[in-house]
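**Student:** Next up, upload16.cif (mmCIF, C-alpha atoms).
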data_my_file
#
loop_
_atom_site.label_atom_id
_atom_site.label_comp_id
_atom_site.auth_asym_id
_atom_site.auth_seq_id
_atom_site.Cartn_x
_atom_site.Cartn_y
_atom_site.Cartn_z
CA MET A 256 -30.40 34.25 -0.12
CA SER A 257 -28.78 32.89 3.05
CA LYS A 258 -25.07 33.34 3.41
CA LYS A 259 -23.00 30.18 3.09
CA PRO A 260 -21.08 29.08 6.20
CA VAL A 261 -17.30 29.40 6.04
CA VAL A 262 -15.07 26.38 6.63
CA LYS A 263 -11.46 27.27 7.41
CA ILE A 264 -8.62 24.99 6.35
CA GLY A 265 -4.98 24.84 7.37
CA LEU A 266 -2.26 22.91 5.52
CA ILE A 267 0.77 21.47 7.27
CA GLY A 268 3.42 20.66 4.70
CA PHE A 269 3.62 22.20 1.24
CA GLY A 270 5.50 19.75 -0.91
CA VAL A 271 4.14 18.11 -4.03
CA VAL A 272 0.85 17.03 -2.44
CA GLY A 273 0.31 20.24 -0.47
CA GLU A 274 0.80 22.35 -3.58
CA GLY A 275 -1.64 20.13 -5.45
CA VAL A 276 -4.32 20.48 -2.78
CA TRP A 277 -3.99 24.27 -2.71
CA LYS A 278 -3.93 24.54 -6.50
CA HIS A 279 -6.98 22.36 -7.12
CA ILE A 280 -9.08 23.91 -4.37
CA GLN A 281 -8.36 27.33 -5.80
CA GLN A 282 -9.00 26.28 -9.39
CA ASN A 283 -12.23 24.42 -8.61
CA ARG A 284 -13.45 26.62 -5.79
CA SER A 285 -16.78 27.64 -7.36
CA ALA A 286 -17.83 24.08 -8.17
CA LEU A 287 -16.69 22.75 -4.78
CA GLU A 288 -18.50 25.45 -2.84
CA ARG A 289 -21.66 24.96 -4.87
CA ARG A 290 -21.64 21.20 -4.23
CA LEU A 291 -20.78 21.49 -0.54
CA GLY A 292 -22.94 24.46 0.36
CA ALA A 293 -20.08 26.20 2.16
CA ARG A 294 -17.28 28.63 1.45
CA LEU A 295 -13.77 27.15 1.66
CA GLN A 296 -11.13 29.43 3.13
CA LEU A 297 -7.49 28.37 2.99
CA VAL A 298 -6.25 30.17 6.07
CA LYS A 299 -2.68 29.11 6.79
CA VAL A 300 0.12 26.91 5.43
CA ALA A 301 3.01 25.59 7.53
CA VAL A 302 6.31 25.31 5.64
CA GLN A 303 9.94 24.71 6.58
CA ASP A 304 11.40 27.54 4.53
CA MET A 305 9.49 30.79 4.06
CA LYS A 306 11.83 31.94 1.27
CA LYS A 307 11.70 28.81 -0.87
CA LYS A 308 10.55 29.37 -4.44
CA ARG A 309 7.35 27.45 -5.17
CA LYS A 310 5.30 26.69 -8.24
CA VAL A 311 2.19 27.73 -6.33
CA GLN A 312 2.32 31.23 -4.92
CA ILE A 313 0.87 31.96 -1.48
CA PRO A 314 0.55 35.38 0.18
CA PRO A 315 3.41 35.69 2.72
CA ASP A 316 1.00 36.48 5.57
CA GLN A 317 -0.57 33.03 5.10
CA LEU A 318 2.71 31.18 5.64
CA THR A 319 4.14 30.04 8.97
CA THR A 320 7.05 27.90 10.10
CA ASP A 321 5.15 26.82 13.21
CA PRO A 322 2.90 23.86 12.32
CA MET A 323 1.64 23.54 15.88
CA SER A 324 0.08 26.99 15.59
CA ILE A 325 -2.29 25.54 12.98
CA ALA A 326 -3.20 22.54 15.13
CA ASN A 327 -3.97 24.88 18.04
CA ASN A 328 -5.70 27.65 16.09
CA PRO A 329 -9.33 27.73 17.31
CA ASP A 330 -10.50 29.31 14.05
CA ILE A 331 -9.28 26.44 11.84
CA ASP A 332 -11.79 23.63 11.29
CA ILE A 333 -9.85 21.22 9.09
CA VAL A 334 -6.13 20.44 9.34
CA CYS A 335 -4.50 18.75 6.34
CA GLU A 336 -1.36 17.01 7.59
CA LEU A 337 0.77 16.57 4.47
CA MET A 338 4.27 16.75 5.95
CA GLY A 339 4.94 13.02 6.29
CA GLY A 340 7.04 11.29 8.92
CA THR A 341 5.97 9.73 12.21
CA THR A 342 7.47 12.00 14.88
CA LEU A 343 6.49 15.66 14.51
CA ALA A 344 3.52 14.66 12.37
CA LYS A 345 2.24 12.48 15.21
CA LYS A 346 2.60 15.30 17.77
CA ILE A 347 0.77 17.77 15.54
CA THR A 348 -1.99 15.31 14.62
CA LEU A 349 -2.64 14.37 18.24
CA ALA A 350 -2.84 18.04 19.19
CA ALA A 351 -5.33 18.81 16.43
CA LEU A 352 -7.50 15.79 17.27
CA HIS A 353 -7.36 16.62 20.98
CA ASN A 354 -8.67 20.07 20.03
CA GLY A 355 -11.64 18.45 18.28
CA LYS A 356 -10.51 19.27 14.76
CA ILE A 357 -10.91 17.17 11.66
CA VAL A 358 -7.54 15.97 10.38
CA VAL A 359 -7.04 14.86 6.78
CA THR A 360 -3.82 13.03 5.92
CA ALA A 361 -1.94 11.08 3.28
CA ASN A 362 0.54 9.76 5.85
CA LYS A 363 0.31 5.95 5.64
CA ALA A 364 3.40 5.35 7.80
CA LEU A 365 1.93 7.39 10.66
CA ILE A 366 -1.42 5.57 10.50
CA CYS A 367 0.25 2.17 10.29
CA LYS A 368 2.45 2.87 13.33
CA HIS A 369 0.12 4.90 15.55
CA GLY A 370 -3.38 4.41 14.14
CA ALA A 371 -4.94 2.99 17.29
CA GLN A 372 -3.78 5.97 19.37
CA LEU A 373 -4.83 8.49 16.73
CA PHE A 374 -8.36 7.10 16.40
CA LYS A 375 -8.72 6.91 20.18
CA THR A 376 -7.69 10.55 20.48
CA ALA A 377 -10.14 11.54 17.73
CA ARG A 378 -12.99 9.92 19.63
CA ALA A 379 -11.99 11.41 22.98
CA GLY A 380 -11.57 14.91 21.56
CA GLY A 381 -14.66 14.84 19.36
CA GLY A 382 -12.58 15.13 16.20
CA HIS A 383 -12.29 12.98 13.10
CA TYR A 384 -9.40 11.44 11.20
CA PHE A 385 -9.65 10.93 7.42
CA TYR A 386 -6.97 9.21 5.35
CA GLU A 387 -8.29 8.23 1.93
CA ALA A 388 -5.10 9.51 0.30
CA SER A 389 -2.93 7.14 2.31
CA VAL A 390 -3.81 4.08 0.20
CA ALA A 391 -3.81 3.82 -3.59
CA GLY A 392 -3.94 7.55 -4.35
CA GLY A 393 -6.73 8.17 -6.85
CA ILE A 394 -8.67 5.00 -6.02
CA PRO A 395 -11.23 5.71 -3.26
CA ILE A 396 -10.58 2.28 -1.74
CA ILE A 397 -11.01 3.43 1.88
CA LYS A 398 -14.56 4.57 1.17
CA VAL A 399 -15.26 1.43 -0.85
CA VAL A 400 -14.33 -0.89 2.00
CA ARG A 401 -15.63 1.21 4.89
CA GLU A 402 -18.84 2.51 3.33
CA GLY A 403 -19.78 1.01 -0.02
CA LEU A 404 -19.16 -2.61 1.03
CA VAL A 405 -20.02 -2.24 4.70
CA ALA A 406 -22.37 -5.26 4.63
CA ASN A 407 -19.59 -7.63 3.56
CA ARG A 408 -17.03 -9.82 5.26
CA PHE A 409 -13.78 -9.88 3.32
CA ASN A 410 -11.98 -13.17 2.78
CA LEU A 411 -9.41 -11.69 0.41
CA ILE A 412 -8.08 -8.25 -0.45
CA TYR A 413 -5.00 -7.93 -2.60
CA GLY A 414 -3.50 -5.49 -4.99
CA ILE A 415 -0.79 -3.43 -6.59
CA LEU A 416 -0.31 -0.65 -4.05
CA ASN A 417 2.94 0.97 -5.18
CA GLY A 418 3.11 2.74 -8.53
CA THR A 419 6.90 3.01 -8.51
CA CYS A 420 7.45 -0.74 -8.32
CA ASN A 421 4.74 -1.36 -10.88
CA TYR A 422 6.38 1.12 -13.26
CA ILE A 423 9.77 -0.59 -12.89
CA LEU A 424 8.41 -4.09 -13.42
CA THR A 425 6.37 -2.94 -16.42
CA ARG A 426 9.34 -1.37 -18.18
CA MET A 427 11.55 -4.37 -17.44
CA GLU A 428 8.97 -6.58 -19.11
CA ARG A 429 8.09 -4.38 -22.08
CA GLU A 430 11.58 -3.14 -22.96
CA ASN A 431 13.85 -5.95 -21.72
CA LEU A 432 15.59 -3.54 -19.38
CA THR A 433 17.52 -4.53 -16.28
CA PHE A 434 16.29 -3.47 -12.85
CA ASP A 435 19.13 -0.96 -12.45
CA LYS A 436 18.47 0.78 -15.79
CA THR A 437 14.75 1.02 -15.09
CA LEU A 438 15.38 2.40 -11.61
CA ILE A 439 17.47 5.21 -13.11
CA ALA A 440 14.55 6.17 -15.34
CA ALA A 441 12.14 6.08 -12.39
CA ARG A 442 14.42 8.40 -10.42
CA GLU A 443 14.62 10.86 -13.32
CA LEU A 444 10.82 10.98 -13.50
CA GLY A 445 10.54 11.60 -9.75
CA TYR A 446 8.67 8.37 -9.08
CA VAL A 447 10.96 7.11 -6.31
CA GLU A 448 10.74 8.23 -2.67
CA ALA A 449 13.73 10.06 -1.19
CA ASP A 450 14.18 6.95 0.94
CA GLU A 451 14.14 4.44 -1.90
CA SER A 452 13.78 1.44 0.40
CA LEU A 453 10.20 2.51 1.18
CA ASP A 454 9.23 1.75 -2.40
CA LEU A 455 11.72 -0.86 -3.56
CA ASP A 456 11.86 -3.01 -0.43
CA GLY A 457 8.08 -3.16 -0.13
CA TRP A 458 7.54 -1.07 3.02
CA ASP A 459 5.25 1.46 1.35
CA THR A 460 3.04 -1.40 0.20
CA ALA A 461 3.18 -2.97 3.67
CA HIS A 462 1.97 0.24 5.36
CA LYS A 463 -1.00 0.36 3.01
CA ALA A 464 -1.78 -3.33 3.49
CA VAL A 465 -1.84 -2.88 7.27
CA ILE A 466 -4.37 -0.04 6.90
CA LEU A 467 -6.58 -2.14 4.63
CA SER A 468 -6.39 -5.09 7.04
CA TYR A 469 -7.69 -2.87 9.83
CA LEU A 470 -10.53 -1.56 7.70
CA ALA A 471 -11.53 -5.04 6.60
CA HIS A 472 -11.08 -6.95 9.85
CA GLY A 473 -10.93 -4.44 12.69
CA LYS A 474 -7.47 -5.60 13.76
CA TRP A 475 -4.22 -3.67 13.79
CA VAL A 476 -1.46 -5.93 12.52
CA SER A 477 2.02 -4.90 13.63
CA ILE A 478 4.35 -4.21 10.73
CA LYS A 479 6.75 -6.60 12.48
CA ASP A 480 4.30 -9.43 11.81
CA VAL A 481 4.08 -8.74 8.08
CA PRO A 482 6.50 -10.70 5.84
CA VAL A 483 7.80 -8.06 3.43
CA GLU A 484 9.81 -8.61 0.26
CA GLY A 485 10.55 -6.01 -2.38
CA ILE A 486 11.60 -6.12 -6.02
CA VAL A 487 15.34 -5.40 -5.84
CA ASN A 488 16.35 -9.03 -6.43
CA ILE A 489 14.13 -9.56 -9.47
CA THR A 490 16.24 -9.99 -12.60
CA LEU A 491 15.37 -9.48 -16.23
CA GLU A 492 15.73 -13.25 -16.56
CA ASP A 493 12.99 -13.76 -13.95
CA ILE A 494 10.71 -11.49 -15.96
CA GLN A 495 11.50 -13.45 -19.13
CA TRP A 496 11.05 -16.88 -17.55
CA ALA A 497 7.77 -15.79 -15.99
CA ASN A 498 6.59 -14.71 -19.44
CA LYS A 499 7.52 -18.08 -20.95
CA LEU A 500 5.59 -19.82 -18.18
CA GLY A 501 2.53 -17.67 -18.89
CA PHE A 502 2.91 -15.17 -16.02
CA LYS A 503 3.71 -11.55 -15.23
CA ILE A 504 5.40 -10.41 -12.03
CA LYS A 505 3.67 -7.86 -9.80
CA LEU A 506 4.44 -6.64 -6.29
CA LEU A 507 1.31 -7.41 -4.28
CA GLY A 508 0.02 -6.62 -0.83
CA ILE A 509 -2.25 -9.49 0.26
CA ILE A 510 -4.71 -9.71 3.18
CA SER A 511 -6.24 -13.17 3.36
CA GLN A 512 -8.62 -14.86 5.78
CA ASN A 513 -7.76 -18.37 6.88
CA ASN A 514 -9.15 -21.04 9.24
CA GLU A 515 -12.74 -20.35 8.17
CA GLY A 516 -12.41 -16.65 8.92
CA LYS A 517 -10.83 -17.06 12.36
CA SER A 518 -7.43 -15.67 11.36
CA ILE A 519 -5.84 -13.33 8.83
CA PHE A 520 -2.43 -13.09 7.21
CA VAL A 521 -0.93 -9.89 5.79
CA ARG A 522 2.03 -10.21 3.42
CA VAL A 523 3.89 -8.29 0.73
CA HIS A 524 5.95 -9.92 -2.01
CA PRO A 525 6.56 -10.06 -5.76
CA THR A 526 4.08 -12.51 -7.24
CA LEU A 527 3.56 -14.40 -10.47
CA ILE A 528 0.07 -13.82 -11.87
CA ARG A 529 -1.29 -15.48 -15.00
CA LYS A 530 -1.23 -13.12 -17.96
CA ASP A 531 -4.95 -13.49 -18.64
CA LYS A 532 -5.88 -12.02 -15.23
CA ILE A 533 -6.98 -8.38 -14.99
CA MET A 534 -4.49 -7.64 -12.21
CA ALA A 535 -1.60 -8.86 -14.37
CA ASN A 536 -2.45 -6.24 -16.98
CA VAL A 537 -2.47 -3.21 -14.68
CA ASP A 538 0.78 -1.59 -15.76
CA GLY A 539 2.88 1.53 -15.35
CA VAL A 540 2.22 3.78 -12.36
CA TYR A 541 -1.34 2.49 -11.94
CA ASN A 542 -2.56 0.75 -8.80
CA ALA A 543 -5.27 -1.87 -8.52
CA VAL A 544 -7.07 -3.36 -5.52
CA SER A 545 -9.18 -6.51 -5.67
CA VAL A 546 -11.77 -6.83 -2.91
CA ASN A 547 -13.63 -10.09 -2.37
CA GLY A 548 -16.73 -9.75 -0.20
CA ASP A 549 -19.01 -12.56 0.90
CA ILE A 550 -22.07 -10.75 -0.49
CA VAL A 551 -20.83 -8.73 -3.45
CA GLY A 552 -18.23 -11.21 -4.70
CA SER A 553 -14.98 -9.93 -6.19
CA GLY A 554 -14.33 -6.59 -7.85
CA ILE A 555 -11.19 -4.77 -8.97
CA HIS A 556 -10.66 -1.03 -8.52
CA ILE A 557 -8.03 0.56 -10.77
CA GLY A 558 -6.57 4.06 -10.89
CA ARG A 559 -3.47 6.15 -10.55
CA GLY A 560 -1.77 5.28 -7.31
CA ALA A 561 0.51 8.24 -6.79
CA GLY A 562 1.49 11.65 -8.03
CA GLN A 563 0.34 15.14 -7.17
CA ASP A 564 -3.06 15.10 -8.83
CA ALA A 565 -4.19 11.63 -7.73
CA THR A 566 -3.19 12.20 -4.11
CA ALA A 567 -4.56 15.75 -4.03
CA SER A 568 -7.87 14.44 -5.38
CA ALA A 569 -8.11 11.99 -2.49
CA VAL A 570 -7.22 14.66 0.07
CA ILE A 571 -9.84 17.06 -1.30
CA GLY A 572 -12.38 14.22 -1.26
CA ASP A 573 -11.75 13.87 2.47
CA VAL A 574 -11.99 17.64 2.89
CA ALA A 575 -15.43 17.45 1.27
CA ASP A 576 -16.50 14.73 3.73
CA ALA A 577 -15.17 16.86 6.56
CA VAL A 578 -17.23 19.83 5.40
CA ASN A 579 -20.35 17.66 5.35
CA ILE A 580 -19.69 16.58 8.93
CA LEU A 581 -19.15 20.17 10.06
CA LEU A 582 -22.39 21.32 8.48
CA ARG A 583 -24.47 18.44 9.82
CA THR A 584 -22.78 18.27 13.27
CA PRO A 585 -23.32 14.55 13.93
CA GLN A 586 -22.24 12.77 17.09
CA PRO A 587 -18.44 12.46 17.25
CA MET A 588 -17.29 9.15 15.83
CA GLY A 589 -13.84 7.69 15.33
CA LEU A 590 -13.17 4.93 12.87
CA GLU A 591 -12.89 2.38 15.68
CA ASP A 592 -16.68 2.53 15.99
CA THR A 593 -16.80 0.48 12.78
CA ASN A 594 -14.97 -2.50 14.28
CA GLU A 595 -18.11 -4.49 14.88
CA LEU A 596 -19.07 -4.09 11.23
CA TYR A 597 -16.00 -6.02 10.14
CA THR A 598 -15.29 -8.46 12.96
CA PRO A 599 -17.78 -11.33 13.47
CA VAL A 600 -19.72 -10.96 16.69
CA GLY A 601 -18.16 -12.92 19.53
CA SER A 602 -14.92 -13.66 17.68
CA ASN A 603 -11.39 -12.49 18.20
CA ILE A 604 -9.57 -12.70 14.89
CA GLU A 605 -5.95 -13.83 15.17
CA LEU A 606 -2.92 -13.92 12.91
CA SER A 607 -2.53 -17.01 10.76
CA SER A 608 0.52 -19.23 11.04
CA LEU A 609 2.82 -19.97 8.10
CA GLU A 610 1.25 -23.42 7.78
CA ASP A 611 -2.12 -21.77 7.07
CA VAL A 612 -0.91 -19.84 4.02
CA SER A 613 -0.55 -21.86 0.83
CA SER A 614 0.57 -21.16 -2.71
CA GLN A 615 2.51 -22.52 -5.63
CA TYR A 616 6.10 -21.34 -5.91
CA TYR A 617 8.79 -20.35 -8.40
CA LEU A 618 12.41 -21.09 -7.47
CA ARG A 619 15.54 -19.87 -9.26
CA LEU A 620 18.73 -21.70 -8.29
CA SER A 621 22.35 -21.29 -9.32
CA VAL A 622 23.88 -24.78 -9.15
CA THR A 623 26.91 -26.79 -10.17
CA ASP A 624 26.41 -28.21 -13.65
CA LYS A 625 27.11 -31.89 -13.06
CA PRO A 626 25.19 -35.17 -12.69
CA GLY A 627 23.42 -35.84 -9.40
CA VAL A 628 22.67 -32.23 -8.47
CA LEU A 629 19.03 -32.40 -9.49
CA ALA A 630 18.64 -35.57 -7.40
CA GLU A 631 20.01 -33.73 -4.35
CA ILE A 632 17.55 -30.89 -4.89
CA SER A 633 14.64 -33.25 -5.41
CA THR A 634 15.48 -35.08 -2.18
CA VAL A 635 15.49 -31.86 -0.14
CA MET A 636 12.16 -30.82 -1.57
CA ALA A 637 10.62 -34.26 -1.01
CA ASN A 638 11.80 -34.18 2.60
CA HIS A 639 9.60 -31.13 3.13
CA ASP A 640 6.70 -32.51 1.07
CA VAL A 641 7.18 -29.91 -1.66
CA SER A 642 6.40 -31.36 -5.08
CA ILE A 643 8.08 -30.12 -8.29
CA ALA A 644 5.58 -29.15 -10.99
CA SER A 645 8.05 -28.15 -13.71
CA MET A 646 11.76 -27.63 -14.28
CA ILE A 647 13.59 -25.54 -16.88
CA GLN A 648 17.36 -25.53 -17.41
CA PRO A 649 18.73 -22.97 -19.86
CA GLU A 650 21.09 -24.48 -22.43
CA GLU A 651 23.88 -22.06 -21.59
CA SER A 652 26.17 -22.63 -18.60
CA SER A 653 29.38 -20.96 -17.51
CA ASN A 654 32.19 -21.86 -15.12
CA GLN A 655 30.53 -25.22 -14.55
CA LYS A 656 27.46 -23.43 -13.15
CA THR A 657 23.93 -23.36 -14.49
CA THR A 658 20.55 -21.96 -13.57
CA LEU A 659 17.54 -24.08 -12.69
CA ILE A 660 14.00 -22.70 -12.79
CA LEU A 661 11.57 -24.80 -10.75
CA THR A 662 7.87 -24.40 -10.09
CA THR A 663 6.02 -26.35 -7.41
CA HIS A 664 2.60 -27.74 -6.81
CA GLN A 665 0.54 -26.26 -3.96
CA SER A 666 2.42 -26.11 -0.67
CA ASN A 667 2.57 -23.77 2.32
CA GLU A 668 4.88 -21.02 3.56
CA LYS A 669 6.41 -23.12 6.36
CA ARG A 670 7.37 -25.96 4.04
CA ILE A 671 8.78 -23.75 1.31
CA GLN A 672 10.83 -21.65 3.74
CA ASP A 673 12.30 -24.80 5.29
CA THR A 674 13.03 -26.05 1.77
CA VAL A 675 14.85 -22.85 0.79
CA ARG A 676 16.91 -23.00 3.99
CA ASP A 677 18.06 -26.58 3.33
CA LEU A 678 18.70 -25.98 -0.37
CA GLU A 679 20.97 -23.08 0.51
CA GLU A 680 23.09 -25.42 2.62
CA LEU A 681 23.84 -27.76 -0.30
CA LYS A 682 27.43 -27.34 -1.50
CA ASN A 683 26.28 -27.48 -5.13
CA VAL A 684 23.84 -24.57 -4.64
CA HIS A 685 25.90 -21.39 -4.97
CA GLN A 686 23.63 -18.71 -3.55
CA LYS A 687 20.37 -18.44 -1.68
CA PRO A 688 17.53 -19.73 -3.88
CA PHE A 689 15.35 -16.92 -5.18
CA LEU A 690 11.69 -17.50 -4.35
CA LEU A 691 8.52 -16.05 -5.85
CA ARG A 692 4.91 -16.96 -5.08
CA ILE A 693 2.48 -18.00 -7.79
CA VAL A 694 -1.10 -16.98 -7.06
CA ASN A 695 -4.27 -18.04 -8.79
CA PHE A 696 -6.71 -15.47 -7.47
CA ASP A 697 -9.82 -14.75 -9.51
#
Could you write out this structure as structure tokens?

**Tutor:**
Amino acid sequence: MSKKPVVKIGLIGFGVVGEGVWKHIQQNRSALERRLGARLQLVKVAVQDMKKKRKVQIPPDQLTTDPMSIANNPDIDIVCELMGGTTLAKKITLAALHNGKIVVTANKALICKHGAQLFKTARAGGGHYFYEASVAGGIPIIKVVREGLVANRFNLIYGILNGTCNYILTRMERENLTFDKTLIAARELGYVEADESLDLDGWDTAHKAVILSYLAHGKWVSIKDVPVEGIVNITLEDIQWANKLGFKIKLLGIISQNNEGKSIFVRVHPTLIRKDKIMANVDGVYNAVSVNGDIVGSGIHIGRGAGQDATASAVIGDVADAVNILLRTPQPMGLEDTNELYTPVGSNIELSSLEDVSSQYYLRLSVTDKPGVLAEISTVMANHDVSIASMIQPEESSNQKTTLILTTHQSNEKRIQDTVRDLEELKNVHQKPFLLRIVNFD
């Protein structure tokens, strides 16, 4: 019997995900090696503190505090960059790719900020860059878009891409909890990033949406061009009013084609979705991504979006693909080679303007409780050609103030933003109107 080739792997970063990757490779080694036709050897792990106590034990001679030594080690075939960040991680990744190695990562922020340079370096150095774990954890959405649906053009991709926000919104709805109380529970369970703004302000979702927009359309969208809103201003009352109107609130990342496929728009915001839609019923820490292709139609992919096991599963999946490449030794290819598969021949896809993006809207206003105020509001909205579809005024009012809940007919982002600006200037409107989009995706 011929001896199986040995593939050597180095890990950079040994936090929650790194420990999960090591643990599951060790536990499932026999099955993995049988399926892949190669022996997997975990050679070295770069850590910050050699003396730190860890749930997963590693022989001391396999630890190092020098991550660059792994990137430059000629014996290591696959480098798993699991340290996070965009500074040192970028330097190490570029070095490994320049050396012709295969790099596997879960680092969405790094890809979003420096993806074009990283893929270019992979091609020049003969290496490869895999990042399935960077988007939606346990859902293999990268492979779905890049490989399984390669024949399709994508007019719409949207989804729940952050499990932390989905968990918070779910508990607010189910248990009538305030945002602050639910956030405390999420912290206790370890669901929230150390930098909470990444989750709660929508930036984690935005990074993932930018990656998906590149996969689908072959265009890197700058994070500066992505309107991003998080969930911190959503109140329990918004959840309750949405429910009465027949909706649930979800934080969505949305990549839509406009102008007959000539432009795209990437956005992140809390959204009202009708309760009978599948996406509305994806709750807790689960993620879901809906992909609409011109050939296959629409399909929804659901799974755990975060956590050690889901992310480690995606990383190991990429390791398996890397092993297949090493054993078959194909021509070097970076992901940029797939651009022509997603961008129509002869076109140069642009970013859509605010006028191109339409929706219905939900507005919550705190106003003076007196005659004539509604007329003022209606005039402002009519001036911007925004039509009111419904209005609810709770019976209770305090200090001569009351809340108005308005929904609109179809309008566009430019009109509604101008409307919100002018409403805020009314003396009888006491704070900036709170705006949510209402979508009617299939």

**Student:** Can you give me, as JSON, numbers by chain, the residues this file yields under the PyMOL selection byres ((chain A and resi 649) around 12)?

**Tutor:** {"A": [492, 495, 496, 619, 620, 621, 624, 646, 647, 648, 650, 651, 652, 653, 656, 657, 658, 659, 660, 661]}

**Student:** Any chance you could export the current selection's C-alpha atoms as a PDB file, keeping the file's coordinate frame?

**Tutor:**
ATOM      1  CA  GLU A 492      15.730 -13.250 -16.560  1.00  0.00           C
ATOM      2  CA  GLN A 495      11.500 -13.450 -19.130  1.00  0.00           C
ATOM      3  CA  TRP A 496      11.050 -16.880 -17.550  1.00  0.00           C
ATOM      4  CA  ARG A 619      15.540 -19.870  -9.260  1.00  0.00           C
ATOM      5  CA  LEU A 620      18.730 -21.700  -8.290  1.00  0.00           C
ATOM      6  CA  SER A 621      22.350 -21.290  -9.320  1.00  0.00           C
ATOM      7  CA  ASP A 624      26.410 -28.210 -13.650  1.00  0.00           C
ATOM      8  CA  MET A 646      11.760 -27.630 -14.280  1.00  0.00           C
ATOM      9  CA  ILE A 647      13.590 -25.540 -16.880  1.00  0.00           C
ATOM     10  CA  GLN A 648      17.360 -25.530 -17.410  1.00  0.00           C
ATOM     11  CA  GLU A 650      21.090 -24.480 -22.430  1.00  0.00           C
ATOM     12  CA  GLU A 651      23.880 -22.060 -21.590  1.00  0.00           C
ATOM     13  CA  SER A 652      26.170 -22.630 -18.600  1.00  0.00           C
ATOM     14  CA  SER A 653      29.380 -20.960 -17.510  1.00  0.00           C
ATOM     15  CA  LYS A 656      27.460 -23.430 -13.150  1.00  0.00           C
ATOM     16  CA  THR A 657      23.930 -23.360 -14.490  1.00  0.00           C
ATOM     17  CA  THR A 658      20.550 -21.960 -13.570  1.00  0.00           C
ATOM     18  CA  LEU A 659      17.540 -24.080 -12.690  1.00  0.00           C
ATOM     19  CA  ILE A 660      14.000 -22.700 -12.790  1.00  0.00           C
ATOM     20  CA  LEU A 661      11.570 -24.800 -10.750  1.00  0.00           C
TER      21      LEU A 661
END

**Student:** Quick one: residues within 8 Å of A:Thr526, all atoms listed in the file counted, chain neighbours fewer than 4 positions away excluded, as a compact mmCIF listing (two decimals) with C-alpha atoms, keeping the file's coordinate frame?

**Tutor:**
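Below you can see around17.txt, which holds the result:
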# COMPACT_ATOMS: atom_id res chain seq x y z
CA ILE A 504 5.40 -10.41 -12.03
CA LYS A 505 3.67 -7.86 -9.80
CA LEU A 506 4.44 -6.64 -6.29
CA LEU A 507 1.31 -7.41 -4.28
CA LEU A 691 8.52 -16.05 -5.85
CA ARG A 692 4.91 -16.96 -5.08
CA ILE A 693 2.48 -18.00 -7.79
CA VAL A 694 -1.10 -16.98 -7.06

**Student:** With distances taken over all atoms listed in the file, which residue among A:Thr419, A:Asn498, A:Asn407, A:Gln303 lies nearest A:Ala535?

**Tutor:**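 Result for the nearest residue to A:Ala535: A:Asn498.
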
**Student:** Can you tell me, as a PyMOL selection string, what residues are no more than 7 Å from stretch 340-352 of chain A when counting all atoms listed in the file, ignoring any on the same chain fewer than 4 positions away?

**Tutor:** chain A and resi 323+326-327+356-358+364-365+373+376-377+380+382-383

**Student:** Quote the spacing between atom CA of A:Val544 and atom CA of A:His556 in Å to one decimal place.

**Tutor:**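 About the pair atom CA of A:Val544 and atom CA of A:His556: they are 5.2 Å apart.
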
**Student:** Would you compute an axis-aligned box for stretch 655-660 of chain A, covering every atom listed for it in the file with 4 Å of margin on each side, and report centre and edge lengths in Å to one decimal as lines of an AutoDock Vina configuration file?

**Tutor:**
center_x = 22.3
center_y = -23.6
center_z = -13.6
size_x = 24.5
size_y = 11.3
size_z = 9.9

**Student:** Could you give me, as a PyMOL selection string, the residues that have an atom at most 10 Å away from the point (1.1, 3.4, -15.2) in the coordinates of the file, using only C-alpha atoms?

**Tutor:** chain A and resi 418-419+421-423+425-426+537-542+558-561

**Student:** Find the residues near A:Tyr386: any atom within 12 Å, counting all atoms listed in the file, skip ones fewer than 3 places away on the same chain, and give them as a ChimeraX atom specification.

**Tutor:** /A:334-337,357-367,370,373-374,383,389-392,395-398,401,463,466-467,470,566-574,576-577,590

**Student:** Using the chain letters and numbers from the file, which residues does the PyMOL selection byres ((chain A and resi 522) around 12) grab, as number ranges by chain?

**Tutor:** A: 411-414, 457-458, 460-465, 467-468, 476-485, 506-512, 519-521, 523-526, 606-609, 612, 668, 692

**Student:** Could you spell out the hits of the PyMOL selection byres ((chain A and resi 552) around 12) on the shown file, as a ChimeraX atom specification?

**Tutor:** /A:404,406-412,545-551,553-555,697

**Student:** Record the distance separating atom CA of A:His639 and atom CA of A:Ile671, expressed in Å with one decimal.

**Tutor:**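 A separation of 7.6 Å between them.
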
**Student:** Taking into account all atoms listed in the file, which residue in the set A:Val675, A:Ala543, A:Val578, A:Ile494 is nearest to A:Gly393?

**Tutor:**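 The answer is A:Ala543, which sits nearest to A:Gly393.
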
**Student:** Find the distance between atom CA of A:Asn328 and atom CA of A:Leu266 and write it in Å to one decimal.

**Tutor:**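 These atoms are spaced 12.1 Å apart.
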
**Student:** Do a neighbour search on A:Ile439 at 12 Å with only C-alpha atoms, toss out local chain neighbours closer than 4 positions, and write the hits as a list in words.

**Tutor:**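 The neighbour list is Thr419, Tyr422, Ile423, Arg426, Leu432, Thr433, Phe434, Asp435, Glu443, Leu444, Gly445, Tyr446, Val447 and Glu451 of chain A.
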
**Student:** Smallest atom-to-atom distance to A:Leu318: which of A:Asp304, A:Glu448, A:Asp330, A:Asp454, using only C-alpha atoms?

**Tutor:**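 Nearest candidate to A:Leu318 out of A:Asp304, A:Glu448, A:Asp330, A:Asp454: A:Asp304.
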
**Student:** Nearest residue to A:Leu297 out of A:Met338, A:Leu455, A:Val261, A:Val311, using all atoms listed in the file?

**Tutor:**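 For A:Leu297, the nearest of the candidates is A:Val261.
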